[in-house]
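To keep things clear, I will list the structure first and then write my remarks on it.
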Amino acid sequence: MRFLERERQTLEKFLPGLDGRLADLTLGERERPQGPALALFKEAGGSGVVVPAEHRGLGASAVEAVRLQRAIGSRSPSLAVATTMHHFSVAGLIQAYEVTKGLEWMLLEAVADQGLLMASGFAEGRSGQSILASSITARQDGDAVVLNGSKKPCSLSASMDLLTASVMLDTDSGPQLAVAVVPAATPGISVHPFWGTAALAGAESDEVRLEDVRVPPDMVVRTELGDDGSLDDIQTVGFIWFELMMAASYLGMASALAERVLAGGRADPAERARILVELEAAMGTVVGAAAPLDADGPVGQAELLQSLVCRFSVQDTIDRVVPRCLEALGGMAYVSGDETSYLAACAAALKFHPPSRASSAAALCTAFEGGPLVIG
């Protein structure tokens, strides 16, 4: 079996031809803002990858989804990050339907049938603030809920058809965390420049503002925290999907460098093997952590804890492997073009996704001591 063969076979199974079409483009073409990568993803039916078959989607399992995502990350880092946000939003919508049996099924079918892309406006890049906090406020006004605030960065900001966002809903008993689903064409939604670096610019991670945006109440799903601060079922499953899909995506970016090392044949075979073994072991961890999402049993704090362990372990693997890949490729590869430095810069960004290691350290220790896993 060739390196990345299983992942690319999974991508070909669900989105035939997409890998080849991406490979035919230069890395610069795949990564530029408003480039062709997202359009190719939509044309291939990528919007419906994790939508269950009963809702007209392609019905990929979680294990298949992380493999597919690693394959995409190896071709286009920006596309991997952007589509992770979409899949994460879809997974949350699926779980919301499982819990509420509400109208979420209609949105899932629309996503699959119409190829809609869902942007994810949840945690924000504000130091020292809980990732569960939201800068978007929501209040009931007659037969609508009115939203105000902004999300930055928000991937897929230019290409989104729907925005899913965490909001603080004003209720009689005080503010309550909720999730709103808003069509991108709703009056009051606007997009503004925010992303200031070339790395991952194709993910369209700019600012989305909401000014007196009105949505029906049934498009706002209320979520709860347990008495001990733990997440409810909808939030728990969503977080697990997010951590594992991100881990797989960034492993794909590091794997793109390793693929170049393997093909170049320049480095000592022992060093090439060490690089490949580390990456394959990390992917095995991601697959193992994704498997419970495909099982019939409940998914809870134990699985959430494992997903965080997996994510931080993958982060460490990338930090070890990427510099060794650059060294193995040599200085001429680094200075003769910007592909290797670009991939290295992208792969390093996993550490910037929530939750951070520093903010999670105490929670992880508490959980391993038998207490609740409180993410914040």
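Please note that chains go A, B, ... in the order of the structure tokens, that every chain numbers its residues from 1, and that ligands are numbered from 1 in the order shown.
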
Near Ala256 (chain A), counting only C-alpha atoms, which residues have an atom at most 12 Å away, once you skip same-chain residues fewer than 3 positions from it, shown as a ChimeraX atom specification?
/A:3-4,23,27,70-77,249-253,259-263,275-276,279,318,321-322,325-326,339-344,346-347

Residues from the last selection, N, CA, C and O atoms, saved as a compact mmCIF listing (two decimals), in the first residue's frame:
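Resulting contents of part_6.txt:
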# COMPACT_ATOMS: atom_id res chain seq x y z
N PHE A 3 1.88 5.26 0.45
CA PHE A 3 1.59 6.29 1.43
C PHE A 3 0.39 7.11 0.98
O PHE A 3 0.29 7.52 -0.18
N LEU A 4 -0.58 7.31 1.87
CA LEU A 4 -1.82 8.06 1.65
C LEU A 4 -2.80 7.34 0.71
O LEU A 4 -3.84 7.92 0.35
N ALA A 23 -5.14 17.81 -7.90
CA ALA A 23 -3.74 17.55 -8.21
C ALA A 23 -3.31 18.22 -9.50
O ALA A 23 -2.12 18.56 -9.67
N LEU A 27 -0.27 24.33 -6.37
CA LEU A 27 -0.63 24.61 -4.98
C LEU A 27 -1.11 26.05 -4.83
O LEU A 27 -2.06 26.32 -4.08
N ARG A 70 -7.96 13.93 5.59
CA ARG A 70 -6.50 13.91 5.48
C ARG A 70 -6.08 13.99 4.01
O ARG A 70 -5.12 14.70 3.67
N ALA A 71 -6.80 13.30 3.15
CA ALA A 71 -6.49 13.34 1.73
C ALA A 71 -6.64 14.75 1.18
O ALA A 71 -5.79 15.24 0.42
N ILE A 72 -7.70 15.44 1.55
CA ILE A 72 -7.90 16.81 1.09
C ILE A 72 -6.82 17.72 1.64
O ILE A 72 -6.28 18.58 0.93
N GLY A 73 -6.46 17.54 2.91
CA GLY A 73 -5.41 18.35 3.50
C GLY A 73 -4.07 18.20 2.80
O GLY A 73 -3.29 19.15 2.73
N SER A 74 -3.82 17.02 2.25
CA SER A 74 -2.56 16.80 1.53
C SER A 74 -2.53 17.51 0.18
O SER A 74 -1.46 17.72 -0.38
N ARG A 75 -3.70 17.86 -0.34
CA ARG A 75 -3.78 18.57 -1.62
C ARG A 75 -3.96 20.07 -1.43
O ARG A 75 -3.32 20.87 -2.11
N SER A 76 -4.87 20.45 -0.54
CA SER A 76 -5.20 21.86 -0.37
C SER A 76 -5.50 22.15 1.10
O SER A 76 -6.60 21.90 1.58
N PRO A 77 -4.50 22.67 1.83
CA PRO A 77 -4.74 23.00 3.25
C PRO A 77 -5.94 23.90 3.48
O PRO A 77 -6.72 23.67 4.40
N SER A 249 -7.06 16.93 9.06
CA SER A 249 -6.73 17.91 8.03
C SER A 249 -5.28 18.35 8.13
O SER A 249 -4.55 18.41 7.12
N TYR A 250 -4.84 18.67 9.34
CA TYR A 250 -3.47 19.13 9.51
C TYR A 250 -2.46 18.00 9.35
O TYR A 250 -1.33 18.23 8.89
N LEU A 251 -2.85 16.78 9.70
CA LEU A 251 -1.99 15.65 9.38
C LEU A 251 -1.80 15.53 7.87
O LEU A 251 -0.72 15.16 7.39
N GLY A 252 -2.84 15.85 7.12
CA GLY A 252 -2.72 15.84 5.67
C GLY A 252 -1.70 16.83 5.17
O GLY A 252 -0.93 16.55 4.24
N MET A 253 -1.66 18.00 5.78
CA MET A 253 -0.68 19.02 5.37
C MET A 253 0.74 18.54 5.65
O MET A 253 1.64 18.68 4.80
N GLU A 259 5.32 13.22 1.83
CA GLU A 259 5.21 12.61 0.51
C GLU A 259 6.34 13.11 -0.39
O GLU A 259 6.90 12.34 -1.18
N ARG A 260 6.67 14.39 -0.26
CA ARG A 260 7.78 14.94 -1.04
C ARG A 260 9.12 14.34 -0.58
O ARG A 260 10.00 14.08 -1.40
N VAL A 261 9.26 14.12 0.72
CA VAL A 261 10.48 13.49 1.24
C VAL A 261 10.61 12.08 0.70
O VAL A 261 11.68 11.66 0.25
N LEU A 262 9.51 11.35 0.71
CA LEU A 262 9.53 9.96 0.24
C LEU A 262 9.85 9.90 -1.24
O LEU A 262 10.67 9.07 -1.69
N ALA A 263 9.23 10.77 -2.02
CA ALA A 263 9.44 10.76 -3.47
C ALA A 263 10.84 11.23 -3.84
O ALA A 263 11.43 10.76 -4.82
N ILE A 275 9.82 9.38 9.84
CA ILE A 275 8.80 10.38 9.52
C ILE A 275 7.46 9.71 9.21
O ILE A 275 6.41 10.08 9.73
N LEU A 276 7.51 8.70 8.35
CA LEU A 276 6.29 8.02 7.94
C LEU A 276 5.63 7.28 9.10
O LEU A 276 4.40 7.29 9.24
N LEU A 279 3.73 9.76 11.37
CA LEU A 279 2.49 10.25 10.77
C LEU A 279 1.42 9.16 10.72
O LEU A 279 0.24 9.42 11.00
N ILE A 318 3.06 16.71 14.58
CA ILE A 318 3.32 17.67 13.50
C ILE A 318 4.52 18.55 13.85
O ILE A 318 5.39 18.82 13.02
N VAL A 321 7.60 16.40 13.29
CA VAL A 321 7.84 15.86 11.96
C VAL A 321 8.13 16.94 10.92
O VAL A 321 9.01 16.76 10.05
N VAL A 322 7.41 18.03 10.96
CA VAL A 322 7.56 19.04 9.91
C VAL A 322 8.99 19.58 9.81
O VAL A 322 9.54 19.65 8.70
N CYS A 325 11.03 17.06 8.06
CA CYS A 325 10.74 17.01 6.62
C CYS A 325 11.48 18.12 5.88
O CYS A 325 12.05 17.89 4.81
N LEU A 326 11.46 19.32 6.45
CA LEU A 326 12.15 20.43 5.80
C LEU A 326 13.65 20.15 5.70
O LEU A 326 14.28 20.41 4.66
N GLU A 339 6.55 26.30 -1.86
CA GLU A 339 5.61 25.25 -1.49
C GLU A 339 5.95 24.62 -0.15
O GLU A 339 5.06 24.41 0.69
N THR A 340 7.23 24.28 0.07
CA THR A 340 7.57 23.61 1.33
C THR A 340 7.38 24.55 2.52
O THR A 340 6.85 24.14 3.56
N SER A 341 7.80 25.78 2.38
CA SER A 341 7.62 26.72 3.49
C SER A 341 6.14 27.01 3.72
O SER A 341 5.70 27.18 4.87
N TYR A 342 5.35 27.03 2.64
CA TYR A 342 3.91 27.27 2.78
C TYR A 342 3.24 26.12 3.53
O TYR A 342 2.47 26.33 4.48
N LEU A 343 3.54 24.89 3.14
CA LEU A 343 2.95 23.72 3.80
C LEU A 343 3.35 23.67 5.27
O LEU A 343 2.54 23.33 6.14
N ALA A 344 4.61 24.02 5.55
CA ALA A 344 5.07 24.02 6.94
C ALA A 344 4.33 25.06 7.76
O ALA A 344 3.93 24.81 8.91
N CYS A 346 1.33 26.26 7.17
CA CYS A 346 -0.06 25.82 7.34
C CYS A 346 -0.17 24.74 8.42
O CYS A 346 -1.04 24.80 9.29
N ALA A 347 0.71 23.75 8.36
CA ALA A 347 0.64 22.63 9.30
C ALA A 347 0.82 23.09 10.74
O ALA A 347 0.27 22.49 11.67

Got a sec: who's within 8 Å of Val181 (chain A), counting only C-alpha atoms, leaving out chain neighbours fewer than 5 positions off, as a list of chain:residue names?
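Answer for this query is A:Leu162, A:Leu163, A:Thr164, A:Ala165, A:Met219, A:Val220.
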
Now that the selection is made, can you save its residues with C-alpha atoms as a compact mmCIF listing (two decimals), in the first residue's frame?
# COMPACT_ATOMS: atom_id res chain seq x y z
CA LEU A 162 -25.75 29.06 5.57
CA LEU A 163 -24.14 30.38 8.74
CA THR A 164 -24.27 28.35 11.93
CA ALA A 165 -23.22 30.40 14.95
CA MET A 219 -33.80 28.12 13.54
CA VAL A 220 -32.32 28.68 17.00

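Those residues that approach region 13-21 of chain A to within 9 Å, counting only C-alpha atoms, are A:Arg8, A:Gln9, A:Leu25, A:Ala37, A:Leu40, A:Phe41, A:Glu43, A:Ala44, A:Gly45, A:Gly46, A:Val49, A:Leu58, A:Ala60, A:Leu68, A:Ala71, A:Ile72, A:Arg75; same-chain residues fewer than 4 positions away are not listed.
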
Residue contacts of Glu211 (chain A) (7 Å, only C-alpha atoms) excluding same-chain residues fewer than 4 positions away, as an mmCIF file with N, CA, C and O atoms, in the first residue's frame:
data_model
loop_
_atom_site.group_PDB
_atom_site.id
_atom_site.type_symbol
_atom_site.label_atom_id
_atom_site.label_comp_id
_atom_site.auth_asym_id
_atom_site.auth_seq_id
_atom_site.Cartn_x
_atom_site.Cartn_y
_atom_site.Cartn_z
ATOM 1 N N LEU A 147 -30.607 38.834 15.824
ATOM 2 C CA LEU A 147 -29.199 38.590 16.121
ATOM 3 C C LEU A 147 -28.363 39.836 15.833
ATOM 4 O O LEU A 147 -28.555 40.494 14.809
ATOM 5 N N ASN A 148 -27.413 40.105 16.726
ATOM 6 C CA ASN A 148 -26.471 41.214 16.533
ATOM 7 C C ASN A 148 -25.094 40.807 17.040
ATOM 8 O O ASN A 148 -24.978 40.143 18.083
ATOM 9 N N GLY A 149 -24.064 41.181 16.290
ATOM 10 C CA GLY A 149 -22.704 40.871 16.701
ATOM 11 C C GLY A 149 -21.859 40.496 15.505
ATOM 12 O O GLY A 149 -22.216 40.763 14.354
ATOM 13 N N GLY A 188 -28.907 42.018 6.630
ATOM 14 C CA GLY A 188 -28.181 42.322 7.862
ATOM 15 C C GLY A 188 -26.872 41.578 8.006
ATOM 16 O O GLY A 188 -26.071 41.900 8.884
ATOM 17 N N ILE A 189 -26.613 40.569 7.147
ATOM 18 C CA ILE A 189 -25.346 39.837 7.187
ATOM 19 C C ILE A 189 -24.385 40.479 6.198
ATOM 20 O O ILE A 189 -24.732 40.719 5.032
#

Do you know which residues are at most 7 Å from region 193-202 of chain A counting only C-alpha atoms, after dropping those on the same chain fewer than 3 positions away, and could you put them as a ChimeraX atom specification?
/A:31-35,77-79,153,205-207,342,345-346

Between CA of Ser157 (chain A) and CA of Arg30 (chain A), what distance in Å does the model show, to one decimal?
17.1 Å

Step one, run DSSP on the backbone; step two, keep only residues of region 78-208 of chain A assigned to strand (DSSP E); then write them as number ranges by chain.
A: 118-121, 137-141, 144-154, 162-171, 174-183, 189-192, 206-208

Out of region 4-228 of chain A, which residues get helix (DSSP H, G or I) from DSSP, as number ranges by chain?
A: 5-14, 18-23, 27-31, 37-43, 46-48, 53-55, 62-75, 77-100, 104-114, 201-203, 217-219
